[in-house]
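Student: Next comes the structure file start32.cif, holding mmCIF, C-alpha atoms.
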```
data_my_file
loop_
_atom_site.label_atom_id
_atom_site.label_comp_id
_atom_site.auth_asym_id
_atom_site.auth_seq_id
_atom_site.Cartn_x
_atom_site.Cartn_y
_atom_site.Cartn_z
CA MET A 546 0.00 0.00 0.00
CA GLU A 547 1.32 3.43 -0.96
CA PRO A 548 2.06 5.74 1.99
CA SER A 549 -0.56 8.27 0.86
CA GLU A 550 -3.15 5.51 0.48
CA LEU A 551 -2.30 4.13 3.89
CA GLN A 552 -2.58 7.57 5.43
CA ALA A 553 -6.04 7.98 3.89
CA CYS A 554 -7.14 4.58 5.23
CA VAL A 555 -5.84 5.36 8.72
CA ARG A 556 -7.61 8.73 8.75
CA SER A 557 -10.83 7.18 7.52
CA ALA A 558 -10.63 4.50 10.22
CA LYS A 559 -9.77 7.08 12.86
CA ALA A 560 -12.93 8.89 11.88
CA GLY A 561 -14.78 5.65 12.71
CA ARG A 562 -15.62 4.68 9.12
CA GLN A 563 -16.08 1.00 8.32
CA GLU A 564 -14.35 1.36 4.94
CA GLY A 565 -11.17 2.58 6.60
CA TYR A 566 -10.95 -0.43 8.91
CA GLN A 567 -11.87 -2.86 6.15
CA ALA A 568 -9.14 -1.39 3.95
CA LEU A 569 -6.59 -1.85 6.74
CA LEU A 570 -7.74 -5.44 7.21
CA ALA A 571 -7.40 -6.05 3.47
CA ALA A 572 -3.92 -4.52 3.49
CA TYR A 573 -2.50 -6.26 6.54
CA GLY A 574 -4.82 -9.21 7.22
CA GLN A 575 -2.79 -11.68 5.16
CA ARG A 576 0.50 -10.87 6.79
CA LEU A 577 -0.96 -10.69 10.27
CA PHE A 578 -2.63 -14.06 9.80
CA GLY A 579 0.65 -15.49 8.48
CA TYR A 580 2.48 -14.12 11.49
CA PHE A 581 -0.06 -15.46 13.99
CA TYR A 582 -0.21 -18.83 12.25
CA ARG A 583 3.55 -19.31 12.21
CA ALA A 584 3.97 -17.97 15.73
CA THR A 585 1.33 -20.22 17.28
CA GLY A 586 1.25 -23.17 14.87
CA ASP A 587 -2.54 -23.24 14.97
CA ARG A 588 -4.77 -21.76 12.26
CA HIS A 589 -7.82 -21.46 14.53
CA GLU A 590 -5.77 -19.58 17.07
CA ALA A 591 -4.35 -17.46 14.25
CA GLU A 592 -7.85 -16.45 13.17
CA ASP A 593 -8.81 -15.75 16.76
CA LEU A 594 -5.72 -13.57 17.22
CA LEU A 595 -6.35 -11.75 13.94
CA GLY A 596 -9.83 -10.89 15.21
CA GLU A 597 -8.35 -9.76 18.51
CA VAL A 598 -5.76 -7.49 16.91
CA MET A 599 -8.37 -5.87 14.67
CA LEU A 600 -10.68 -5.24 17.64
CA ARG A 601 -7.72 -3.81 19.53
CA LEU A 602 -7.12 -1.59 16.51
CA VAL A 603 -10.69 -0.31 16.71
CA ARG A 604 -10.15 0.56 20.37
CA THR A 605 -6.69 2.13 20.12
CA LEU A 606 -6.38 3.68 16.67
CA SER A 607 -7.43 7.07 18.01
CA ARG A 608 -4.17 7.12 19.98
CA TYR A 609 -1.97 6.28 17.00
CA ASP A 610 0.46 9.07 16.23
CA GLU A 611 0.48 9.47 12.47
CA ARG A 612 4.11 10.54 12.48
CA GLY A 613 5.11 6.97 13.37
CA ARG A 614 5.20 3.95 11.10
CA PHE A 615 1.77 2.35 11.11
CA GLU A 616 2.95 -1.11 10.12
CA GLN A 617 5.42 -1.36 12.97
CA TRP A 618 2.84 0.03 15.39
CA LEU A 619 0.30 -2.57 14.29
CA PHE A 620 2.75 -5.45 14.50
CA ARG A 621 3.86 -4.27 17.91
CA ILE A 622 0.27 -4.73 19.09
CA ALA A 623 0.17 -8.12 17.35
CA ALA A 624 3.45 -9.20 18.98
CA ASN A 625 2.19 -8.18 22.42
CA ILE A 626 -0.96 -10.22 21.89
CA VAL A 627 1.06 -13.29 20.86
CA ARG A 628 3.42 -12.85 23.80
CA ASP A 629 0.49 -12.67 26.23
CA ARG A 630 -1.10 -15.73 24.64
CA ILE A 631 2.13 -17.71 24.92
CA ARG A 632 2.54 -16.69 28.55
CA ARG A 633 -1.02 -17.76 29.30
CA ARG A 634 -0.44 -21.04 27.49
CA LYS A 635 2.67 -21.69 29.59
CA SER A 636 0.64 -21.24 32.76
CA THR A 637 -1.91 -23.80 31.55
CA PRO A 638 -0.08 -27.01 30.62
CA THR A 639 -0.97 -28.65 27.32
CA PRO A 640 -0.95 -32.41 27.20
CA ALA A 641 0.72 -32.77 23.78
CA SER A 642 1.80 -30.92 20.70
CA LEU A 643 -0.81 -30.91 17.95
CA SER A 644 1.66 -32.03 15.34
CA ALA A 645 3.35 -34.67 17.49
CA GLU A 646 2.83 -38.03 15.86
CA SER A 647 1.48 -41.04 17.67
CA PRO A 648 3.20 -44.41 17.19
CA GLU A 649 0.57 -45.17 14.54
CA GLY A 650 1.62 -42.11 12.56
CA SER A 651 -1.46 -39.97 13.17
CA ASN A 652 -1.41 -36.62 14.94
CA LEU A 653 -3.88 -34.51 16.89
CA MET A 654 -3.89 -31.78 14.25
CA ASP A 655 -5.20 -34.25 11.66
CA THR A 656 -7.75 -35.68 14.05
CA VAL A 657 -9.13 -32.27 15.03
CA ALA A 658 -9.08 -31.04 11.44
CA ASP A 659 -11.02 -34.05 10.21
CA ARG A 660 -13.68 -33.72 12.84
CA ASP A 661 -14.27 -30.01 12.52
CA ARG A 662 -13.15 -29.04 9.09
CA PRO A 663 -13.97 -25.43 8.20
CA VAL A 664 -14.71 -24.42 4.63
CA ASP A 665 -11.29 -22.88 4.22
CA ALA A 666 -9.36 -25.91 5.48
CA ASP A 667 -8.42 -27.08 2.01
CA ILE A 668 -7.02 -23.71 1.05
CA VAL A 669 -4.99 -23.59 4.23
CA ALA A 670 -3.81 -27.14 3.77
CA LYS A 671 -2.46 -26.32 0.33
CA GLU A 672 -0.28 -23.50 1.54
CA THR A 673 0.79 -25.16 4.73
CA ASN A 674 4.30 -26.33 4.73
CA VAL A 675 3.99 -29.12 7.25
CA GLY A 676 7.73 -29.62 7.42
CA LEU A 677 8.40 -26.00 8.21
CA MET A 678 5.70 -25.93 10.87
CA ALA A 679 7.21 -28.99 12.52
CA ALA A 680 10.66 -27.40 12.32
CA LEU A 681 9.35 -24.16 13.83
CA GLU A 682 7.88 -26.15 16.69
CA THR A 683 11.34 -27.38 17.61
CA LEU A 684 12.39 -23.80 18.41
CA ASP A 685 11.63 -22.12 21.70
CA ALA A 686 8.63 -19.77 21.61
CA THR A 687 10.70 -16.58 21.86
CA THR A 688 13.04 -17.49 19.00
CA ARG A 689 10.11 -18.61 16.86
CA GLN A 690 8.29 -15.37 17.49
CA MET A 691 11.35 -13.27 16.72
CA ILE A 692 11.90 -15.06 13.41
CA VAL A 693 8.31 -14.77 12.20
CA LEU A 694 8.07 -11.21 13.46
CA ARG A 695 11.11 -10.25 11.43
CA HIS A 696 9.75 -12.01 8.37
CA PHE A 697 6.14 -10.79 8.43
CA SER A 698 6.49 -7.35 9.96
CA GLY A 699 9.75 -6.25 8.42
CA MET A 700 10.66 -4.78 11.80
CA SER A 701 14.27 -3.82 12.40
CA PHE A 702 16.24 -5.87 14.92
CA ALA A 703 16.13 -2.89 17.28
CA GLU A 704 12.34 -2.89 17.12
CA ILE A 705 12.17 -6.66 17.62
CA ALA A 706 14.46 -6.35 20.64
CA SER A 707 12.21 -3.65 22.04
CA VAL A 708 9.02 -5.67 21.53
CA MET A 709 10.54 -8.86 22.90
CA GLU A 710 12.14 -6.99 25.79
CA CYS A 711 15.68 -8.26 25.24
CA PRO A 712 19.03 -6.73 24.26
CA LEU A 713 19.64 -6.00 20.57
CA GLY A 714 22.48 -8.50 20.26
CA THR A 715 20.34 -11.25 21.78
CA ALA A 716 17.58 -10.62 19.23
CA LEU A 717 19.92 -11.06 16.28
CA ALA A 718 21.74 -14.03 17.83
CA LYS A 719 18.44 -15.83 18.43
CA VAL A 720 17.17 -15.14 14.91
CA HIS A 721 20.48 -16.16 13.37
CA ARG A 722 20.76 -19.42 15.31
CA GLY A 723 17.04 -20.13 14.98
CA ILE A 724 17.10 -19.96 11.18
CA LYS A 725 20.22 -22.12 11.09
CA THR A 726 18.38 -24.72 13.17
CA LEU A 727 15.37 -24.50 10.86
CA ARG A 728 17.52 -25.06 7.79
CA LYS A 729 19.25 -28.06 9.37
CA THR A 730 15.94 -29.57 10.51
CA LEU A 731 14.40 -29.18 7.07
CA GLU A 732 17.48 -30.62 5.36
CA ARG A 733 17.31 -33.61 7.69
CA GLN A 734 13.60 -34.06 6.90
CA GLU A 735 14.34 -33.96 3.17
CA THR A 736 17.13 -36.52 3.53
CA GLN A 737 14.80 -38.83 5.44
CA THR A 738 12.08 -38.43 2.79
CA ASP A 739 14.53 -39.25 -0.01
CA MET B 250 40.53 -18.14 22.75
CA THR B 251 41.81 -16.58 19.52
CA SER B 252 40.24 -13.64 17.78
CA THR B 253 38.80 -15.88 15.07
CA GLU B 254 37.05 -18.05 17.70
CA ARG B 255 35.56 -15.05 19.47
CA GLN B 256 31.80 -14.69 19.56
CA PRO B 257 30.63 -12.18 16.97
CA ASP B 258 29.52 -8.79 18.23
CA TRP B 259 25.82 -9.41 17.62
CA GLU B 260 24.81 -5.93 18.63
CA LYS B 261 27.15 -4.32 16.13
CA ILE B 262 26.00 -6.68 13.38
CA ALA B 263 22.34 -6.04 14.22
CA GLN B 264 22.92 -2.29 13.99
CA SER B 265 24.55 -2.80 10.62
CA LEU B 266 21.64 -4.95 9.38
CA ASP B 267 19.28 -2.22 10.59
CA GLY B 268 21.21 0.21 8.44
CA SER B 269 23.28 2.03 11.02
CA GLY B 270 26.31 1.56 13.24
CA GLU B 271 30.03 1.22 12.65
CA PRO B 272 31.65 -0.58 9.70
CA LEU B 273 31.97 -4.34 10.28
CA SER B 274 35.12 -6.45 10.37
CA PRO B 275 35.41 -9.12 7.64
CA ALA B 276 34.25 -11.82 10.08
CA GLU B 277 31.28 -9.74 11.21
CA ALA B 278 30.42 -8.85 7.64
CA LYS B 279 30.35 -12.57 6.86
CA VAL B 280 27.84 -13.20 9.67
CA ALA B 281 25.72 -10.28 8.45
CA GLU B 282 25.77 -11.70 4.93
CA GLN B 283 24.79 -15.15 6.23
CA THR B 284 21.90 -13.62 8.14
CA ARG B 285 20.65 -11.78 5.04
CA ASP B 286 20.88 -15.02 3.10
CA ASP B 287 19.02 -16.92 5.86
CA LEU B 288 16.27 -14.32 5.98
CA ALA B 289 15.86 -14.48 2.20
CA TRP B 290 15.66 -18.28 2.40
CA LEU B 291 13.03 -17.97 5.11
CA GLY B 292 11.01 -15.63 2.89
CA GLU B 293 10.71 -18.36 0.28
CA GLN B 294 9.56 -20.88 2.88
CA MET B 295 6.84 -18.79 4.48
CA PRO B 296 4.16 -17.46 2.19
CA ALA B 297 1.69 -15.16 3.94
CA LYS B 298 -1.70 -16.26 2.72
CA ALA B 299 -4.79 -16.01 4.83
CA PRO B 300 -7.85 -17.79 3.47
CA HIS B 301 -10.42 -15.37 2.07
CA GLU B 302 -13.08 -16.77 4.42
CA VAL B 303 -10.94 -15.94 7.44
CA LEU B 304 -10.66 -12.31 6.38
CA LEU B 305 -14.42 -12.17 5.78
CA ARG B 306 -15.20 -13.55 9.23
CA VAL B 307 -12.76 -11.19 10.94
CA GLY B 308 -14.11 -8.27 8.89
CA ALA B 309 -17.65 -9.11 10.01
CA LYS B 310 -16.58 -9.22 13.67
CA MET B 311 -14.90 -5.86 13.27
CA SER B 312 -18.01 -4.37 11.70
CA ASP B 313 -20.09 -5.65 14.62
CA ALA B 314 -17.67 -4.05 17.06
CA LEU B 315 -17.85 -0.75 15.21
CA ALA B 316 -21.64 -0.87 15.08
CA ALA B 317 -22.04 -1.73 18.78
CA PRO B 318 -22.63 1.26 21.04
CA ALA B 319 -19.62 2.02 23.18
CA ARG B 320 -20.04 0.79 26.73
CA PRO B 321 -19.41 3.58 29.19
CA LYS B 322 -16.22 2.70 30.96
CA ARG B 323 -15.69 3.52 34.58
CA SER B 324 -12.25 3.68 36.05
CA ILE B 325 -11.17 1.49 38.94
CA ARG B 326 -10.95 4.64 41.04
CA THR B 327 -14.59 5.47 40.33
CA LEU B 328 -15.67 1.93 41.17
CA LEU B 329 -13.70 1.94 44.42
CA LEU B 330 -15.13 5.33 45.34
CA GLY B 331 -18.63 4.05 44.59
CA SER B 332 -18.18 0.96 46.74
CA THR B 333 -16.64 2.94 49.58
CA ALA B 334 -19.42 5.51 49.45
CA ALA B 335 -22.05 2.78 49.57
CA ALA B 336 -20.39 1.11 52.55
CA ALA B 337 -20.12 4.45 54.33
CA ALA B 338 -23.79 5.14 53.65
CA VAL B 339 -24.81 1.80 55.20
CA ALA B 340 -22.70 2.56 58.27
CA ALA B 341 -24.22 6.04 58.54
CA ILE B 342 -27.77 4.69 58.36
CA VAL B 343 -27.09 2.06 61.02
CA LEU B 344 -25.56 4.69 63.31
CA THR B 345 -28.41 7.13 62.72
CA ILE B 346 -31.03 4.54 63.59
CA LEU B 347 -29.19 3.29 66.65
CA MET B 348 -28.60 6.81 67.98
CA GLY B 349 -32.13 7.93 67.11
CA ARG B 350 -33.81 5.21 69.13
CA PRO B 351 -35.56 6.48 72.30
CA PRO B 352 -33.65 5.56 75.43
CA ALA B 353 -35.04 2.36 76.84
CA GLN B 354 -37.01 2.90 79.96
CA THR B 355 -36.37 0.54 82.78
CA PRO B 356 -39.28 -1.87 83.07
CA THR B 357 -39.12 -1.84 86.82
CA VAL B 358 -39.80 1.92 87.01
CA VAL B 359 -42.67 1.61 84.54
CA ALA B 360 -44.04 -1.37 86.37
CA LEU B 361 -44.11 0.61 89.56
CA THR B 362 -45.84 3.66 88.07
CA ASP B 363 -48.49 2.38 85.69
CA GLU B 364 -49.37 -1.13 84.58
CA GLU B 365 -51.19 0.15 81.51
CA ALA B 366 -48.16 2.12 80.42
CA VAL B 367 -46.12 -1.02 80.72
CA ALA B 368 -48.60 -2.89 78.57
CA ALA B 369 -48.60 -0.11 75.97
CA PHE B 370 -44.80 0.05 75.96
CA VAL B 371 -44.51 -3.70 75.59
CA ALA B 372 -47.05 -3.62 72.78
CA ASP B 373 -45.42 -0.64 71.00
CA GLU B 374 -41.74 -1.41 71.39
CA PRO B 375 -41.56 -4.42 69.03
CA ASN B 376 -43.68 -2.49 66.56
CA ALA B 377 -41.34 0.49 66.59
CA ILE B 378 -38.30 -1.72 66.23
CA ASP B 379 -39.99 -3.61 63.41
CA ILE B 380 -40.65 -0.39 61.53
CA GLN B 381 -37.06 0.71 62.01
CA MET B 382 -35.75 -2.69 60.98
CA ASP B 383 -37.98 -2.72 57.89
CA LEU B 384 -36.69 0.70 56.93
CA LEU B 385 -33.12 -0.43 57.50
CA ASP B 386 -33.72 -3.62 55.51
CA GLU B 387 -35.10 -1.62 52.64
CA GLN B 388 -32.14 0.75 52.60
CA VAL B 389 -29.61 -2.05 52.88
CA ALA B 390 -31.35 -3.93 50.06
CA THR B 391 -31.22 -0.83 47.85
CA LEU B 392 -27.53 -0.33 48.59
CA ALA B 393 -26.80 -4.02 48.06
CA ALA B 394 -28.51 -3.86 44.68
CA ASP B 395 -26.43 -0.79 43.81
CA LEU B 396 -23.26 -2.60 44.83
CA GLU B 397 -24.25 -5.68 42.86
CA LEU B 398 -24.86 -3.53 39.80
CA GLU B 399 -21.50 -1.86 40.24
CA SER B 400 -19.64 -5.13 40.51
CA ALA B 401 -21.58 -6.72 37.66
CA ILE B 402 -20.53 -3.91 35.36
CA SER B 403 -17.03 -3.76 36.64
CA SER B 404 -15.95 -7.31 37.48
CA LEU B 405 -12.54 -8.47 36.47
CA ASP B 406 -12.73 -7.74 32.76
CA LEU B 407 -13.11 -4.00 33.23
CA GLU B 408 -10.17 -3.91 35.60
CA MET B 409 -8.13 -6.01 33.21
CA ASP B 410 -9.19 -3.77 30.33
CA ALA B 411 -8.04 -0.71 32.21
CA VAL B 412 -4.71 -2.22 33.24
CA GLY B 413 -4.19 -3.68 29.76
CA GLU B 414 -4.92 -0.37 28.15
CA GLN B 415 -2.50 1.44 30.44
CA ILE B 416 0.25 -1.06 29.60
CA GLU B 417 -0.57 -0.83 25.91
CA ASN B 418 -0.52 2.95 26.02
CA PHE B 419 2.85 2.82 27.67
CA TRP B 420 4.33 0.60 24.99
CA LEU B 421 2.68 2.46 22.15
CA ASP B 422 4.08 5.71 23.40
CA PRO B 423 7.14 6.41 21.24
CA LEU B 424 8.82 8.12 24.19
CA ALA B 425 8.48 4.97 26.31
CA THR B 426 9.87 2.87 23.50
CA GLU B 427 12.82 5.17 23.18
CA LEU B 428 13.45 5.17 26.92
CA VAL B 429 13.23 1.39 27.26
CA GLY B 430 15.18 0.91 24.07
CA ASP B 431 17.94 3.17 25.33
CA THR B 432 18.07 1.37 28.64
CA GLU B 433 18.37 -2.05 27.15
CA LEU B 434 20.52 -1.39 24.16
#
```
Just dump the structure as structure tokens.
Tutor:
Amino acid sequence: MEPSELQACVRSAKAGRQEGYQALLAAYGQRLFGYFYRATGDRHEAEDLLGEVMLRLVRTLSRYDERGRFEQWLFRIAANIVRDRIRRRKSTPTPASLSAESPEGSNLMDTVADRDRPVDADIVAKETNVGLMAALETLDATTRQMIVLRHFSGMSFAEIASVMECPLGTALAKVHRGIKTLRKTLERQETQTD
Amino acid sequence: MTSTERQPDWEKIAQSLDGSGEPLSPAEAKVAEQTRDDLAWLGEQMPAKAPHEVLLRVGAKMSDALAAPARPKRSIRTLLLGSTAAAAAVAAIVLTILMGRPPAQTPTVVALTDEEAVAAFVADEPNAIDIQMDLLDEQVATLAADLELESAISSLDLEMDAVGEQIENFWLDPLATELVGDTEL
């Protein structure tokens, strides 16, 4: 979206117009969904979080300072929501990973998806790189979030460090090592498939 | 540990990748280049595609939120003041009624002066107390209903909303970001 177009959308939304908000959703919805999906590993949670961030936008847009960068501001809200969700998840133990395979080769993600398959499941399934999701799950939540935040938001490392409340060097080191791990994991998966 | 085995200066490299900072040494430049390459590789692995239906559902939710009338928010301070005022009012009513009661006459004195007066007093006293207690009950019930209404509106979500908003405001404030950023970097 061109800066002038974005500015018009933000102003329209600030004035409380539906069109403004819908335009912002159309502009950033894809990337936000991608970010939430990769950060949480769950498409239902990703949709839930996308709804949450847009509602948060409705509540807080009036306080947005137009001199700042809207995209970074929006992803900062998104990152805070993910961080809170992960913290809450840590405090409530989960019995198993959705993609963890049983000895019979089935996993919970497949079971749940088959039982309650939404209309868009096929579209999601096509774009889902199962191997990458599994590889992302091997990373700790902070590293995973930093990597996807960098990819989807285009934030600088300084901004990522600020959002994730860690030193600048740590942010880069985690991203650097995390992607290396991802590459190795995926290469190993490919070797096993061959 | 030799200089080649030393850990890279991640902060310096990050600054360089962000487009600022000092020039990098050859070893640091290599790490920066690797990181750029890794990020580009990642870009190919992660397409950002949300299903159209998802965007429609979220858009509908957002429209509902925009159409809904804004709920008047009351601050925690207002709610606390309201509760305190209600409690104080109950205490004041109880005190007023207790202090306003006629001093009890000693039955022995009454018994000695007039038997009829004793009978009238005995007949009237429970009645008077009943009226006062009814009045008190009514006022307490009204105040309890007020308190219930207050807490129903407030409950935890309003408090959490308020706290959450304050935290969010803090982080969204560019000045706060700069301050925290400066402290940590």
Student: Enumerate, as a count of residues only, the residues matched when the PyMOL selection byres ((chain A and resi 681) around 10) is run on the file above.
Tutor: 26
Student: Which one is closest to Met599 (chain A): B:Met382, B:Ser274, B:Ala309, B:Ala411? Count only C-alpha atoms.
Tutor: B:Ala309
Student: For Leu694 (chain A), which of B:Leu330, B:Gly292, B:Ser265, B:Lys298 is the closest residue, counting all atoms listed in the file?
Tutor: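 Residue with the minimum atom-to-atom distance to Leu694 (chain A): B:Gly292.
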Student: May I have the residues of chain B within 9 Å of chain A, counting all atoms listed in the file, written as a ChimeraX atom specification?
Tutor: /B:258-264,266-268,280,283-284,287-288,290-292,294-304,306-308,310-312,314-316,414,417-418,420-423,426-427,429-430,433-434
Student: What does the structure give for the distance between CA of Arg614 (chain A) and CA of Leu551 (chain A), in Å to one decimal?
Tutor: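 Going from CA of Arg614 (chain A) over to CA of Leu551 (chain A) covers 10.4 Å.
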Student: Write out as AutoDock Vina command-line options an axis-aligned box for region 277-294 of chain B: all of its atoms listed in the file, 5 Å added on each side, centre and edge lengths in Å with one decimal.
Tutor:
```
--center_x 20.4 --center_y -14.9 --center_z 5.7 --size_x 31.7 --size_y 22.0 --size_z 20.9
```
Student: One decimal, in Å: what's the spacing between CA of Pro548 (chain A) and CA of Phe615 (chain A)?
Tutor: 9.7 Å
Student: Suppose you want the space between CA of Ser269 (chain B) and CA of Gly699 (chain A); what is it in Å?
Tutor: 16.1 Å
Student: Check the smallest atom-to-atom distance from each of A:Ala558, A:Met546, A:Ala553, A:Val627 to Ser607 (chain A) using all atoms listed in the file, then report the winner.
Tutor: A:Ala558
Student: What does the PyMOL selection byres ((chain B and resi 333-345) around 8) select in this file, as a PyMOL selection string?
Tutor: chain B and resi 329-332+346-349+385+388-389+392+396
Student: Return region 611-622 of chain A, completed with N, CA, C and O atoms, as a compact mmCIF listing (two decimals), keeping the file's coordinate frame.
Tutor:
```txt
# COMPACT_ATOMS: atom_id res chain seq x y z
N GLU A 611 0.27 9.68 13.91
CA GLU A 611 0.48 9.47 12.47
C GLU A 611 1.91 9.74 12.00
O GLU A 611 2.26 9.45 10.87
N ARG A 612 2.71 10.31 12.89
CA ARG A 612 4.11 10.54 12.48
C ARG A 612 4.91 9.24 12.51
O ARG A 612 5.95 9.11 11.92
N GLY A 613 4.39 8.24 13.27
CA GLY A 613 5.11 6.97 13.37
C GLY A 613 4.80 6.07 12.19
O GLY A 613 4.01 6.41 11.31
N ARG A 614 5.45 4.90 12.19
CA ARG A 614 5.20 3.95 11.10
C ARG A 614 4.06 3.02 11.50
O ARG A 614 4.18 2.26 12.48
N PHE A 615 2.99 3.08 10.75
CA PHE A 615 1.77 2.35 11.11
C PHE A 615 2.02 0.83 11.20
O PHE A 615 1.58 0.17 12.12
N GLU A 616 2.73 0.33 10.19
CA GLU A 616 2.95 -1.11 10.12
C GLU A 616 3.65 -1.64 11.37
O GLU A 616 3.25 -2.66 11.93
N GLN A 617 4.67 -0.93 11.79
CA GLN A 617 5.42 -1.36 12.97
C GLN A 617 4.54 -1.24 14.23
O GLN A 617 4.60 -2.07 15.13
N TRP A 618 3.75 -0.19 14.26
CA TRP A 618 2.84 0.03 15.39
C TRP A 618 1.84 -1.13 15.48
O TRP A 618 1.60 -1.69 16.56
N LEU A 619 1.29 -1.49 14.33
CA LEU A 619 0.30 -2.57 14.29
C LEU A 619 0.92 -3.91 14.68
O LEU A 619 0.35 -4.67 15.48
N PHE A 620 2.11 -4.18 14.17
CA PHE A 620 2.75 -5.45 14.50
C PHE A 620 3.25 -5.48 15.95
O PHE A 620 3.40 -6.55 16.52
N ARG A 621 3.48 -4.32 16.49
CA ARG A 621 3.86 -4.27 17.91
C ARG A 621 2.67 -4.74 18.75
O ARG A 621 2.82 -5.51 19.70
N ILE A 622 1.48 -4.28 18.39
CA ILE A 622 0.27 -4.73 19.09
C ILE A 622 0.13 -6.24 18.91
O ILE A 622 -0.13 -6.98 19.85
```
